[in-house]
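*Asks:* The following file, run.txt, comprises compact mmCIF, C-alpha atoms:
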# COMPACT_ATOMS: atom_id res chain seq x y z
CA MET G 550 -9.48 18.82 -30.99
CA PRO G 551 -7.76 18.38 -27.66
CA ILE G 552 -6.51 15.20 -26.06
CA GLN G 553 -7.15 14.14 -22.48
CA ILE G 554 -3.88 13.72 -20.61
CA GLU G 555 -3.50 11.98 -17.29
CA ILE G 556 -0.23 11.63 -15.43
CA ILE G 557 -0.62 9.18 -12.56
CA SER G 558 1.99 8.19 -10.02
CA PRO G 559 1.40 5.35 -7.55
CA GLU G 560 0.55 7.90 -4.86
CA LYS G 561 -1.77 10.24 -6.73
CA VAL G 562 -3.03 11.78 -9.95
CA LEU G 563 -0.79 14.68 -10.93
CA VAL G 564 -2.58 16.01 -13.98
CA SER G 565 -5.87 15.31 -15.60
CA ARG G 566 -6.88 17.83 -18.24
CA GLU G 567 -7.12 18.49 -21.95
CA VAL G 568 -4.15 19.65 -23.99
CA ASP G 569 -3.22 19.80 -27.67
CA MET G 570 -0.14 17.61 -27.64
CA VAL G 571 2.00 15.64 -25.21
CA VAL G 572 5.64 14.81 -25.86
CA MET G 573 6.99 11.99 -23.74
CA PRO G 574 10.28 10.15 -23.44
CA GLY G 575 9.72 6.67 -24.87
CA ALA G 576 12.26 3.97 -24.10
CA GLU G 577 13.24 3.94 -27.77
CA GLY G 578 12.90 7.64 -28.47
CA ASP G 579 10.60 10.57 -27.78
CA ILE G 580 7.03 10.24 -28.92
CA ALA G 581 4.24 12.78 -29.21
CA ALA G 582 0.65 11.93 -28.44
CA MET G 583 -1.82 13.86 -30.55
CA PRO G 584 -5.54 13.46 -31.13
CA ASP G 585 -6.60 10.62 -33.43
CA ARG G 586 -3.41 8.71 -32.89
CA ALA G 587 -3.47 4.95 -33.37
CA PRO G 588 -3.72 3.28 -29.95
CA MET G 589 -0.34 2.45 -28.53
CA MET G 590 1.35 1.23 -25.40
CA LEU G 591 4.76 2.57 -24.65
CA LEU G 592 7.54 1.95 -22.20
CA LEU G 593 8.99 5.20 -20.85
CA ARG G 594 12.52 6.02 -19.78
CA GLY G 595 13.30 8.70 -17.21
CA GLY G 596 12.78 12.11 -18.76
CA VAL G 597 10.53 15.08 -19.16
CA VAL G 598 6.93 15.01 -20.34
CA SER G 599 5.90 18.28 -21.98
CA LEU G 600 2.31 19.40 -22.37
CA TYR G 601 1.60 21.65 -25.36
CA GLU G 602 -1.24 24.07 -25.81
CA ASN G 603 -1.42 26.35 -28.86
CA ASP G 604 2.07 25.34 -29.96
CA ALA G 605 3.65 26.34 -26.67
CA VAL G 606 4.81 24.28 -23.72
CA THR G 607 2.50 24.98 -20.79
CA ASP G 608 3.74 22.40 -18.29
CA ARG G 609 6.70 20.13 -17.86
CA PHE G 610 6.80 17.06 -15.63
CA PHE G 611 9.67 14.79 -14.82
CA VAL G 612 8.83 11.07 -14.88
CA GLY G 613 11.26 8.44 -13.65
CA GLY G 614 10.25 5.74 -16.09
CA GLY G 615 6.86 4.12 -16.46
CA PHE G 616 4.28 3.31 -19.09
CA ALA G 617 2.01 5.24 -21.39
CA ASP G 618 -1.29 4.15 -22.83
CA MET G 619 -2.41 6.25 -25.79
CA THR G 620 -5.64 6.15 -27.71
CA ALA G 621 -7.29 8.52 -30.15
CA THR G 622 -8.79 10.67 -27.42
CA ARG G 623 -6.70 10.18 -24.32
CA CYS G 624 -3.20 9.53 -23.09
CA THR G 625 -2.57 7.94 -19.71
CA ILE G 626 0.94 8.04 -18.29
CA LEU G 627 1.66 5.65 -15.45
CA ALA G 628 4.84 7.02 -13.94
CA ASP G 629 6.99 5.18 -11.40
CA LYS G 630 7.67 8.59 -9.96
CA ALA G 631 6.54 11.96 -11.20
CA GLU G 632 6.87 15.60 -10.22
CA PRO G 633 6.63 19.03 -11.85
CA VAL G 634 10.01 20.07 -13.22
CA SER G 635 9.94 23.19 -11.04
CA GLU G 636 9.85 21.04 -7.89
CA ILE G 637 12.84 18.86 -8.66
CA SER G 638 15.38 18.89 -5.87
CA ILE G 639 18.79 18.83 -7.55
CA ASP G 640 20.54 18.10 -4.25
CA ASN G 641 18.46 14.97 -3.67
CA ALA G 642 18.96 13.85 -7.24
CA THR G 643 22.72 14.39 -7.03
CA ALA G 644 22.87 12.35 -3.85
CA THR G 645 20.91 9.55 -5.52
CA LEU G 646 23.24 9.70 -8.49
CA GLU G 647 26.26 9.35 -6.24
CA ALA G 648 24.74 6.36 -4.46
CA LEU G 649 23.91 4.76 -7.80
CA THR G 650 27.37 5.38 -9.20
CA GLU G 651 28.84 3.73 -6.14
CA ALA G 652 26.50 0.77 -6.55
CA TRP G 653 27.58 0.57 -10.17
CA ASP G 654 31.27 0.47 -9.21
CA LYS G 655 30.62 -2.27 -6.69
CA ALA G 656 28.24 -4.27 -8.88
CA ASP G 657 29.24 -7.63 -10.29
CA LYS G 658 30.18 -6.81 -13.88
CA THR G 659 29.01 -10.20 -15.14
CA ASP G 660 25.48 -9.75 -13.83
CA ILE G 661 24.06 -8.15 -16.97
CA SER G 662 20.47 -7.75 -15.82
CA ARG G 663 21.55 -5.95 -12.62
CA LEU G 664 23.81 -3.65 -14.64
CA ASP G 665 20.92 -2.93 -16.98
CA VAL G 666 18.68 -1.92 -14.10
CA LEU G 667 21.39 0.29 -12.61
CA GLN G 668 22.12 1.89 -15.92
CA ASP G 669 18.47 2.77 -16.47
CA LYS G 670 18.32 4.30 -13.00
CA ILE G 671 21.49 6.32 -13.53
CA LEU G 672 20.25 7.63 -16.87
CA SER G 673 16.94 8.54 -15.28
CA VAL G 674 18.57 10.47 -12.44
CA ARG G 675 20.87 12.25 -14.89
CA ALA G 676 17.82 13.27 -16.89
CA GLU G 677 16.23 14.51 -13.66
CA ILE G 678 19.26 16.65 -12.78
CA GLU G 679 19.38 18.03 -16.30
CA ALA G 680 15.68 18.87 -16.26
CA GLY G 681 15.98 20.45 -12.82
CA SER G 682 18.94 22.63 -13.71
CA SER G 683 17.37 23.81 -16.97
CA ALA G 684 14.29 24.92 -15.03
CA SER G 685 16.08 26.90 -12.37
CA MET W 517 -15.33 -3.31 51.29
CA ALA W 518 -12.62 -1.13 49.78
CA SER W 519 -11.65 1.92 51.75
CA LEU W 520 -12.48 5.40 50.56
CA LYS W 521 -8.86 6.13 49.81
CA GLU W 522 -8.50 3.06 47.60
CA LEU W 523 -11.66 3.91 45.73
CA ARG W 524 -10.47 7.46 45.13
CA ALA W 525 -7.20 6.17 43.71
CA ARG W 526 -8.97 3.74 41.39
CA ILE W 527 -11.35 6.37 40.08
CA GLY W 528 -8.41 8.68 39.50
CA SER W 529 -6.46 6.11 37.56
CA ILE W 530 -9.42 5.14 35.38
CA LYS W 531 -10.03 8.81 34.65
CA SER W 532 -6.51 9.21 33.33
CA THR W 533 -6.88 6.01 31.30
CA ARG W 534 -10.01 7.47 29.79
CA LYS W 535 -8.14 10.63 28.90
CA ILE W 536 -5.52 8.57 27.06
CA THR W 537 -7.99 6.36 25.21
CA SER W 538 -10.08 9.30 24.12
CA ALA W 539 -6.96 11.11 22.89
CA MET W 540 -5.92 7.99 20.96
CA LYS W 541 -9.36 7.86 19.44
CA MET W 542 -9.04 11.43 18.20
CA VAL W 543 -5.59 10.76 16.78
CA ALA W 544 -6.79 7.59 15.05
CA ALA W 545 -9.75 9.46 13.57
CA ALA W 546 -7.49 12.14 12.15
CA LYS W 547 -5.05 9.58 10.78
CA LEU W 548 -7.89 7.53 9.35
CA ARG W 549 -9.01 10.45 7.23
CA ARG W 550 -5.50 10.86 5.85
CA ALA W 551 -5.02 7.14 5.26
CA GLN W 552 -8.36 6.88 3.52
CA ALA W 553 -7.51 9.82 1.29
CA SER W 554 -4.20 8.30 0.25
CA ALA W 555 -5.85 4.92 -0.37
CA GLU W 556 -8.30 6.67 -2.65
CA ALA W 557 -5.58 8.66 -4.38
CA ALA W 558 -3.76 5.43 -5.23
CA ARG W 559 -6.78 3.90 -6.90
CA PRO W 560 -6.52 5.50 -10.39
CA TYR W 561 -3.02 4.11 -10.85
CA ALA W 562 -4.16 0.60 -9.99
CA ALA W 563 -7.15 0.91 -12.30
CA ALA W 564 -5.08 2.15 -15.23
CA MET W 565 -2.54 -0.59 -14.53
CA ARG W 566 -5.26 -3.23 -14.65
CA ARG W 567 -6.55 -1.89 -17.94
CA MET W 568 -3.12 -1.99 -19.57
CA LEU W 569 -2.41 -5.41 -18.16
CA GLY W 570 -5.70 -6.79 -19.48
CA GLU W 571 -4.87 -5.40 -22.90
CA LEU W 572 -1.38 -6.90 -22.85
CA ALA W 573 -2.47 -10.25 -21.50
CA ALA W 574 -4.98 -10.50 -24.32
CA ALA W 575 -2.33 -9.55 -26.87
CA THR W 576 0.17 -12.12 -25.65
CA LYS W 577 -2.35 -14.86 -25.03
CA GLY W 578 -1.34 -18.26 -26.30
CA GLU W 579 2.32 -17.37 -26.65
CA GLU W 580 4.92 -19.71 -25.27
CA GLY W 581 6.95 -18.85 -22.21
CA ALA W 582 4.56 -16.56 -20.37
CA PRO W 583 6.35 -14.75 -17.52
CA ARG W 584 6.26 -16.52 -14.17
CA LEU W 585 4.49 -13.63 -12.47
CA LEU W 586 1.52 -14.17 -14.76
CA ALA W 587 1.44 -17.94 -15.13
CA GLY W 588 3.31 -19.14 -12.06
CA THR W 589 5.94 -21.84 -12.17
CA GLY W 590 3.48 -24.47 -13.26
CA GLN W 591 3.75 -26.11 -9.87
CA ASP W 592 1.83 -25.80 -6.64
CA LYS W 593 4.25 -26.98 -3.99
CA VAL W 594 5.76 -24.06 -2.13
CA HIS W 595 3.40 -21.36 -0.90
CA LEU W 596 4.54 -17.98 0.33
CA LEU W 597 2.12 -16.28 2.70
CA ILE W 598 2.45 -12.59 3.44
CA PRO W 599 0.38 -11.61 6.47
CA ILE W 600 0.11 -7.84 6.70
CA THR W 601 -0.58 -6.28 10.11
CA SER W 602 0.19 -3.06 11.93
CA ASP W 603 3.28 -2.39 14.03
CA ARG W 604 1.33 -1.44 17.12
CA GLY W 605 -1.51 -3.07 18.96
CA LEU W 606 -4.41 -1.43 20.76
CA CYS W 607 -6.70 -1.79 17.80
CA GLY W 608 -9.13 -4.49 18.81
CA GLY W 609 -9.21 -7.71 16.84
CA PHE W 610 -7.59 -6.10 13.82
CA ASN W 611 -4.29 -7.96 13.96
CA SER W 612 -5.49 -11.20 15.51
CA ASN W 613 -8.01 -11.61 12.68
CA VAL W 614 -5.14 -11.69 10.21
CA HIS W 615 -3.17 -14.04 12.45
CA ARG W 616 -6.09 -16.43 12.72
CA LEU W 617 -6.76 -16.52 9.00
CA THR W 618 -3.06 -17.03 8.28
CA LEU W 619 -2.86 -19.88 10.79
CA GLN W 620 -5.90 -21.54 9.24
CA THR W 621 -4.36 -21.23 5.79
CA ILE W 622 -1.02 -22.61 7.01
CA ASN W 623 -2.72 -25.60 8.61
CA LYS W 624 -4.78 -26.26 5.52
CA LEU W 625 -1.79 -26.07 3.18
CA GLN W 626 0.37 -28.21 5.43
CA ALA W 627 -2.39 -30.81 5.69
CA GLU W 628 -2.31 -30.94 1.88
CA GLY W 629 1.40 -31.64 2.05
CA LYS W 630 2.52 -28.25 0.72
CA THR W 631 5.53 -26.34 1.96
CA VAL W 632 4.66 -22.99 3.51
CA LYS W 633 6.93 -19.98 3.85
CA LEU W 634 6.09 -16.81 5.72
CA LEU W 635 7.01 -13.21 5.12
CA PRO W 636 5.33 -11.21 7.89
CA VAL W 637 4.77 -7.51 7.33
CA GLY W 638 4.31 -5.43 10.48
CA ARG W 639 5.73 -5.97 13.94
CA ARG W 640 2.61 -7.64 15.33
CA ALA W 641 2.68 -10.37 12.71
CA LEU W 642 6.41 -10.88 13.17
CA ASN W 643 6.08 -11.32 16.93
CA PHE W 644 3.11 -13.62 16.60
CA PHE W 645 4.65 -15.93 14.01
CA ASN W 646 7.99 -15.93 15.79
CA ARG W 647 6.13 -17.74 18.56
CA GLU W 648 4.00 -19.97 16.36
CA HIS W 649 5.98 -20.81 13.26
CA ALA W 650 9.44 -19.33 13.65
CA ASP W 651 10.90 -21.97 11.32
CA LEU W 652 8.75 -20.84 8.39
CA ILE W 653 9.75 -17.18 8.42
CA ILE W 654 12.10 -16.30 5.59
CA ASP W 655 12.05 -12.53 5.76
CA LYS W 656 10.27 -9.59 7.33
CA VAL W 657 9.24 -6.01 6.74
CA ILE W 658 8.52 -3.85 9.78
CA GLY W 659 8.52 -0.33 11.05
CA PHE W 660 6.50 1.77 8.64
CA SER W 661 2.89 1.62 9.75
CA GLY W 662 1.32 4.54 11.54
CA LYS W 663 3.00 6.89 9.08
CA ASP W 664 2.24 7.55 5.46
CA VAL W 665 3.14 4.38 3.64
CA PRO W 666 5.95 5.10 1.20
CA PHE W 667 5.72 3.32 -2.15
CA SER W 668 9.30 2.11 -1.69
CA VAL W 669 8.11 -0.37 0.97
CA ALA W 670 5.75 -1.96 -1.53
CA SER W 671 8.28 -1.93 -4.35
CA GLY W 672 10.94 -3.53 -2.15
CA LEU W 673 8.52 -6.23 -1.12
CA GLY W 674 7.44 -6.78 -4.71
CA ASP W 675 11.06 -7.15 -5.81
CA LYS W 676 11.65 -9.69 -3.06
CA VAL W 677 8.70 -11.80 -4.13
CA ASN W 678 9.79 -11.55 -7.73
CA ALA W 679 13.35 -12.64 -6.90
CA LEU W 680 12.08 -15.62 -4.89
CA LEU W 681 9.84 -16.61 -7.75
CA GLU W 682 12.56 -16.31 -10.35
CA ALA W 683 14.88 -18.38 -8.17
CA GLY W 684 12.20 -21.06 -8.09
CA GLU W 685 11.92 -20.92 -4.31
CA ILE W 686 8.18 -20.33 -4.30
CA ASP W 687 5.34 -21.36 -6.59
CA VAL W 688 2.38 -19.48 -5.20
CA CYS W 689 2.26 -16.18 -3.34
CA THR W 690 -0.70 -15.01 -1.28
CA LEU W 691 -1.32 -11.86 0.74
CA VAL W 692 -3.35 -12.05 3.95
CA PHE W 693 -4.58 -8.65 5.03
CA ASN W 694 -7.56 -6.73 6.32
CA LYS W 695 -9.81 -5.41 3.60
CA PHE W 696 -11.01 -1.97 4.57
CA GLN W 697 -14.77 -1.76 4.30
CA ASN W 698 -15.49 1.20 6.52
CA ALA W 699 -14.17 2.66 9.74
CA MET W 700 -16.09 0.06 11.74
CA THR W 701 -15.53 -3.07 9.68
CA GLN W 702 -12.38 -4.67 8.34
CA THR W 703 -12.60 -8.20 7.02
CA PRO W 704 -9.50 -10.36 6.78
CA ALA W 705 -9.02 -11.74 3.28
CA CYS W 706 -6.56 -13.70 1.16
CA LEU W 707 -5.39 -12.29 -2.14
CA GLN W 708 -3.41 -14.50 -4.48
CA LEU W 709 -0.68 -12.54 -6.23
CA VAL W 710 1.11 -15.28 -8.13
CA PRO W 711 -0.01 -16.83 -10.40
CA MET W 712 -2.15 -13.89 -11.25
CA VAL W 713 -5.88 -14.28 -11.00
CA MET W 714 -7.65 -12.11 -13.50
CA ASP W 715 -10.76 -10.80 -11.86
CA ASP W 716 -13.66 -11.70 -14.16
CA ALA W 717 -15.69 -8.60 -13.48
CA ALA W 718 -12.65 -6.38 -13.90
CA ALA W 719 -11.65 -8.14 -17.11
CA LYS W 720 -15.12 -7.63 -18.54
CA ALA W 721 -15.16 -3.99 -17.55
CA ASP W 722 -11.75 -3.60 -19.16
CA ALA W 723 -12.93 -5.22 -22.36
CA ALA W 724 -15.99 -2.99 -22.43
CA SER W 725 -13.97 0.18 -21.90
CA THR W 726 -11.57 -0.72 -24.69
CA THR W 727 -14.27 -1.45 -27.24
CA ALA W 728 -15.94 1.81 -26.33
CA ASP W 729 -12.66 3.65 -26.72
CA ASP W 730 -11.71 2.22 -30.05
CA ALA W 731 -11.79 -1.16 -31.62
CA ALA W 732 -8.42 -0.69 -33.29
CA GLN W 733 -5.52 -2.95 -32.48
CA TYR W 734 -2.92 -1.62 -30.07
CA GLU W 735 0.63 -0.96 -31.14
CA PHE W 736 3.32 -1.84 -28.65
CA GLU W 737 6.70 -0.31 -28.21
CA PRO W 738 8.88 -2.21 -27.40
CA ASP W 739 7.16 -5.53 -28.21
CA GLU W 740 4.38 -7.07 -26.10
CA ALA W 741 6.54 -9.56 -24.25
CA THR W 742 9.05 -6.93 -23.09
CA LEU W 743 6.30 -4.58 -21.99
CA LEU W 744 4.55 -7.37 -20.14
CA ALA W 745 7.78 -8.32 -18.42
CA MET W 746 8.16 -4.72 -17.25
CA LEU W 747 4.52 -4.25 -16.32
CA LEU W 748 4.02 -7.40 -14.23
CA PRO W 749 6.50 -6.61 -11.44
CA ARG W 750 4.99 -3.12 -11.29
CA ASN W 751 1.55 -4.59 -10.97
CA LEU W 752 2.75 -6.78 -8.13
CA GLN W 753 4.11 -3.73 -6.33
CA VAL W 754 0.91 -1.80 -6.91
CA GLN W 755 -1.22 -4.61 -5.51
CA ILE W 756 0.99 -4.85 -2.44
CA TYR W 757 0.91 -1.08 -2.08
CA ALA W 758 -2.87 -1.07 -2.23
CA SER W 759 -3.10 -3.68 0.51
CA LEU W 760 -0.59 -1.77 2.65
CA LEU W 761 -2.72 1.33 2.30
CA GLU W 762 -5.84 -0.61 3.19
CA THR W 763 -4.08 -1.98 6.24
CA ALA W 764 -3.03 1.52 7.26
CA ALA W 765 -6.57 2.81 6.90
CA GLY W 766 -8.01 -0.27 8.59
CA GLU W 767 -5.60 -0.06 11.49
CA ASN W 768 -6.70 3.46 12.26
CA GLY W 769 -10.34 2.60 11.79
CA ALA W 770 -10.04 -0.37 14.11
CA ARG W 771 -8.13 1.66 16.66
CA MET W 772 -10.73 4.38 16.54
CA THR W 773 -13.50 1.88 17.23
CA ALA W 774 -11.53 0.07 19.92
CA MET W 775 -10.60 3.29 21.68
CA ASP W 776 -14.16 4.56 21.45
CA ASN W 777 -15.31 1.39 23.22
CA ALA W 778 -12.55 1.70 25.79
CA THR W 779 -13.48 5.32 26.49
CA ARG W 780 -17.11 4.36 26.95
CA ASN W 781 -16.22 1.43 29.21
CA ALA W 782 -13.99 3.66 31.29
CA GLY W 783 -16.88 6.10 31.69
CA ARG W 784 -19.17 3.32 32.83
CA THR W 785 -16.63 1.99 35.32
CA ILE W 786 -16.10 5.48 36.71
CA ASP W 787 -19.88 5.84 37.17
CA SER W 788 -20.26 2.59 39.05
CA LEU W 789 -17.14 3.21 41.14
CA SER W 790 -18.37 6.70 42.04
CA LYS W 791 -21.65 5.16 43.17
CA VAL W 792 -19.81 2.73 45.43
CA TYR W 793 -17.62 5.56 46.66
CA ASN W 794 -20.60 7.74 47.60
CA ARG W 795 -22.42 4.87 49.29
CA THR W 796 -19.34 4.01 51.29
CA ARG W 797 -18.92 7.62 52.31
CA GLN W 798 -22.56 7.80 53.43
CA THR W 799 -22.26 4.53 55.33
CA ASN W 800 -19.20 5.84 57.11
CA ILE W 801 -20.98 9.06 58.11
CA THR W 802 -24.05 7.13 59.28
CA ASN W 803 -21.86 4.79 61.32
CA GLU W 804 -20.08 7.71 62.96
CA LEU W 805 -23.42 9.37 63.78
CA ILE W 806 -24.76 6.17 65.30
CA GLU W 807 -21.63 5.88 67.41
CA ILE W 808 -21.93 9.49 68.64
CA ILE W 809 -25.67 9.23 69.34
CA SER W 810 -25.44 5.90 71.12
CA GLY W 811 -22.51 7.27 73.12
CA ALA W 812 -24.57 10.33 74.15
CA GLN W 813 -27.54 8.14 75.13
CA ALA W 814 -25.34 5.92 77.26
CA VAL W 815 -24.29 8.98 79.26
Show me the file's structure as C-alpha cells.
*Replies:*
Amino acid sequence: MPIQIEIISPEKVLVSREVDMVVMPGAEGDIAAMPDRAPMMLLLRGGVVSLYENDAVTDRFFVGGGFADMTATRCTILADKAEPVSEISIDNATATLEALTEAWDKADKTDISRLDVLQDKILSVRAEIEAGSSAS
Amino acid sequence: MASLKELRARIGSIKSTRKITSAMKMVAAAKLRRAQASAEAARPYAAAMRRMLGELAAATKGEEGAPRLLAGTGQDKVHLLIPITSDRGLCGGFNSNVHRLTLQTINKLQAEGKTVKLLPVGRRALNFFNREHADLIIDKVIGFSGKDVPFSVASGLGDKVNALLEAGEIDVCTLVFNKFQNAMTQTPACLQLVPMVMDDAAAKADAASTTADDAAQYEFEPDEATLLAMLLPRNLQVQIYASLLETAAGENGARMTAMDNATRNAGRTIDSLSKVYNRTRQTNITNELIEIISGAQAV
C-alpha cells in the first residue's frame, strides 16, 4: 500500500504523488514515513528527503528545515525552502555559508537564541552543499 | 475657437497617450496572469499550515504560557497597522482605498485612546503616510512590487513583527490590504494577525478533515510547545506572504481596469476632437469661399 507524499514550499507544490516510503531529516534524527504509521507532527532540520519506490530511491529533495505532518495514508512536508537535489547550486550555497560564518563570527556570543538560529542555518547550508556535491 | 494647428497637436498627443495606456493594459494583463498563478500556487502551503496549526492549538489548549503570537500580550494598548500597497500608481483607486481604510482605523483607534504605530509596505503607502502621520511610522518595506514577490520579503516582515511583539512594543497587529476578488474588484480589508483569530469555518473544516483522516491522537516531535513556537512565526510569514501576493495580483488587476478605462476615454476624446477639427476645417474653407465669391461679385 503506497503513501501519498506532498512536498510544499511557500511558493509552490513540488511533489504530490504516491510512493512506498519517505525518509526525512527530523530535528532529532531521521524518520521514515510508511503506510499505517501513527499520526505524527515533526520538526525538520535542513537535509535531504528521499522518496522510495520498490526499495529504491527514486527522488531526492533538499529541504531547508520545515515541518512534516504524517498520518496513516499521507505525509505532508511543509518546507521553508525546497528543491530537487539535482538543481542545488553549490556556488550559491557556498556563498550563503560564507555569509553565515561571517555573521557567526560577528554575533554577540551571549545572545544564545541568535546563535541557535545561526547554527541551524549553517548546518542546513552545510547539508545542502553536501547533498549537492554527492549528486554531481 | 482653437486653431487647426492646435487641434492637430492635441489629437496627436492624446493618440500617443492612448498608445501608452493600451500598452500598460496589455502588460498588466500579462502580469496579472502570472501573479494570480503564483497566488494560487501558494495556497496549498497556507492550507496545510492552517491544518497543522489547528491540530497543535487543540493539543496545547489550556496550557499555561501560550506564545504571544497566538494569545497576544494580554493587553490592547498599542496597535501596529501594516497597510500594504503597490510601489507605483496608475491603478485607479487601488491604493487610495487602502489609505482610506487605514486612516479610518487610525482615527477610530486613537479616539479609543490607543497608541497606533504604522509599518507601511509599498512606496505609495509610505509617501501617503509620510504626509499624514509621519510620527507614527516605525519602519517600512518598499521596492518589490511589480516583480514576483520573493518569500524573503514576507519572512523579513514577519520576523520584524515578531521581534516587536516579543519586545513588548506592540499588543495587536493588523494588516490592511486589498483582497483580490477578481480582475475587476479588489476590496480593502483588515486582517488581524496578532493575537491570532482562528477562523471558525476553517477550524471546523480542519476538525472534519482530521476525524476523517484518523481519530488517533497525534504524536509530536519535539513536544507540542516547541513545535508551536516554531510554527507560529512561520504562519505569520505565510499570512503576510499571502496578502502580498494578493496585493500583487490586485495591483495588476486594478491597473488593467484603470488603463482599459483610460484607453477608452482617450478614444472618445480623439473622436470628439476630430469632429471639432473637421468642422473647423470646413468652416475655414466655407469662409474662404465666401470671401472669394463676394470679392468676385464686387468686381
*Asks:* Kindly assemble as JSON lines a list of the chain G residues that lie within 12 Å of chain W, each paired with its nearest atom pair and their distance in Å to one decimal, using only C-alpha atoms, sorted first by chain and then by ascending residue number.
*Replies:*
{"residue": "G:Glu555", "atom": "CA", "partner": "W:Pro560", "partner_atom": "CA", "distance": 9.9}
{"residue": "G:Ile556", "atom": "CA", "partner": "W:Tyr561", "partner_atom": "CA", "distance": 9.2}
{"residue": "G:Ile557", "atom": "CA", "partner": "W:Tyr561", "partner_atom": "CA", "distance": 5.9}
{"residue": "G:Ser558", "atom": "CA", "partner": "W:Tyr561", "partner_atom": "CA", "distance": 6.5}
{"residue": "G:Pro559", "atom": "CA", "partner": "W:Tyr561", "partner_atom": "CA", "distance": 5.7}
{"residue": "G:Glu560", "atom": "CA", "partner": "W:Ala558", "partner_atom": "CA", "distance": 5.0}
{"residue": "G:Lys561", "atom": "CA", "partner": "W:Ala557", "partner_atom": "CA", "distance": 4.7}
{"residue": "G:Val562", "atom": "CA", "partner": "W:Ala557", "partner_atom": "CA", "distance": 6.9}
{"residue": "G:Leu563", "atom": "CA", "partner": "W:Ala557", "partner_atom": "CA", "distance": 10.1}
{"residue": "G:Val564", "atom": "CA", "partner": "W:Pro560", "partner_atom": "CA", "distance": 11.8}
{"residue": "G:Ser565", "atom": "CA", "partner": "W:Pro560", "partner_atom": "CA", "distance": 11.1}
{"residue": "G:Gly575", "atom": "CA", "partner": "W:Glu737", "partner_atom": "CA", "distance": 8.3}
{"residue": "G:Ala576", "atom": "CA", "partner": "W:Pro738", "partner_atom": "CA", "distance": 7.8}
{"residue": "G:Glu577", "atom": "CA", "partner": "W:Pro738", "partner_atom": "CA", "distance": 7.5}
{"residue": "G:Gly578", "atom": "CA", "partner": "W:Glu737", "partner_atom": "CA", "distance": 10.1}
{"residue": "G:Asp579", "atom": "CA", "partner": "W:Glu737", "partner_atom": "CA", "distance": 11.6}
{"residue": "G:Ile580", "atom": "CA", "partner": "W:Glu737", "partner_atom": "CA", "distance": 10.6}
{"residue": "G:Asp585", "atom": "CA", "partner": "W:Asp730", "partner_atom": "CA", "distance": 10.4}
{"residue": "G:Arg586", "atom": "CA", "partner": "W:Glu735", "partner_atom": "CA", "distance": 10.6}
{"residue": "G:Ala587", "atom": "CA", "partner": "W:Tyr734", "partner_atom": "CA", "distance": 7.4}
{"residue": "G:Pro588", "atom": "CA", "partner": "W:Tyr734", "partner_atom": "CA", "distance": 5.0}
{"residue": "G:Met589", "atom": "CA", "partner": "W:Glu735", "partner_atom": "CA", "distance": 4.4}
{"residue": "G:Met590", "atom": "CA", "partner": "W:Phe736", "partner_atom": "CA", "distance": 4.9}
{"residue": "G:Leu591", "atom": "CA", "partner": "W:Glu737", "partner_atom": "CA", "distance": 5.0}
{"residue": "G:Leu592", "atom": "CA", "partner": "W:Glu737", "partner_atom": "CA", "distance": 6.5}
{"residue": "G:Leu593", "atom": "CA", "partner": "W:Glu737", "partner_atom": "CA", "distance": 9.5}
{"residue": "G:Arg594", "atom": "CA", "partner": "W:Pro738", "partner_atom": "CA", "distance": 11.8}
{"residue": "G:Gly614", "atom": "CA", "partner": "W:Met746", "partner_atom": "CA", "distance": 10.7}
{"residue": "G:Gly615", "atom": "CA", "partner": "W:Leu747", "partner_atom": "CA", "distance": 8.7}
{"residue": "G:Phe616", "atom": "CA", "partner": "W:Leu747", "partner_atom": "CA", "distance": 8.1}
{"residue": "G:Ala617", "atom": "CA", "partner": "W:Met568", "partner_atom": "CA", "distance": 9.0}
{"residue": "G:Asp618", "atom": "CA", "partner": "W:Met568", "partner_atom": "CA", "distance": 7.2}
{"residue": "G:Met619", "atom": "CA", "partner": "W:Tyr734", "partner_atom": "CA", "distance": 9.0}
{"residue": "G:Thr620", "atom": "CA", "partner": "W:Asp729", "partner_atom": "CA", "distance": 7.5}
{"residue": "G:Ala621", "atom": "CA", "partner": "W:Asp730", "partner_atom": "CA", "distance": 7.7}
{"residue": "G:Thr622", "atom": "CA", "partner": "W:Asp729", "partner_atom": "CA", "distance": 8.0}
{"residue": "G:Arg623", "atom": "CA", "partner": "W:Asp729", "partner_atom": "CA", "distance": 9.2}
{"residue": "G:Cys624", "atom": "CA", "partner": "W:Ala564", "partner_atom": "CA", "distance": 10.9}
{"residue": "G:Thr625", "atom": "CA", "partner": "W:Ala564", "partner_atom": "CA", "distance": 7.7}
{"residue": "G:Ile626", "atom": "CA", "partner": "W:Ala564", "partner_atom": "CA", "distance": 9.0}
{"residue": "G:Leu627", "atom": "CA", "partner": "W:Tyr561", "partner_atom": "CA", "distance": 6.7}
{"residue": "G:Ala628", "atom": "CA", "partner": "W:Tyr561", "partner_atom": "CA", "distance": 8.9}
{"residue": "G:Asp629", "atom": "CA", "partner": "W:Arg750", "partner_atom": "CA", "distance": 8.5}
{"residue": "G:Lys630", "atom": "CA", "partner": "W:Phe667", "partner_atom": "CA", "distance": 9.6}
{"residue": "G:Val666", "atom": "CA", "partner": "W:Met746", "partner_atom": "CA", "distance": 11.3}
*Asks:* Leaving out stretch 570-572 of chain G and any residue of its chain fewer than 6 positions from it, which residues lie within 6 Å of it when counting only C-alpha atoms, given as a list in words?
*Replies:*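 So, after excluding close chain neighbours, the residues are Ile580, Ala581, Ala582, Met583, Val598, Ser599, Leu600 and Tyr601 of chain G.
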*Asks:* Just give me the gap between atom CA of W:Val710 and atom CA of W:Ala679 in Å, one decimal is fine.
*Replies:*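 Answer for the atom CA of W:Val710 to atom CA of W:Ala679 separation: 12.6 Å.
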*Asks:* Would you kindly return, as a ChimeraX atom specification, each protein, DNA or RNA residue with an atom no farther than 12 Å from any atom of W:Ala764, considering only C-alpha atoms and excluding same-chain residues fewer than 6 positions away?
*Replies:* /W:544,547-555,600-604,607,610-611,637-638,660-666,693-696,699,702,757-758,770-771
*Asks:* What is the atom CA of G:Glu647 to atom CA of G:Val674 distance in Å?
*Replies:*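 Pair atom CA of G:Glu647 / atom CA of G:Val674 returns 9.9 Å.
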*Asks:* Work out how far atom CA of W:Asp651 is from atom CA of W:Lys633, in Å to one decimal.
*Replies:* 8.7 Å
*Asks:* So which one's closest to W:Gly766, W:Leu597, W:Ile801, W:Val632, W:Ala545? Using only C-alpha atoms, please.
*Replies:*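 Among the listed residues, W:Ala545 lies closest to W:Gly766.
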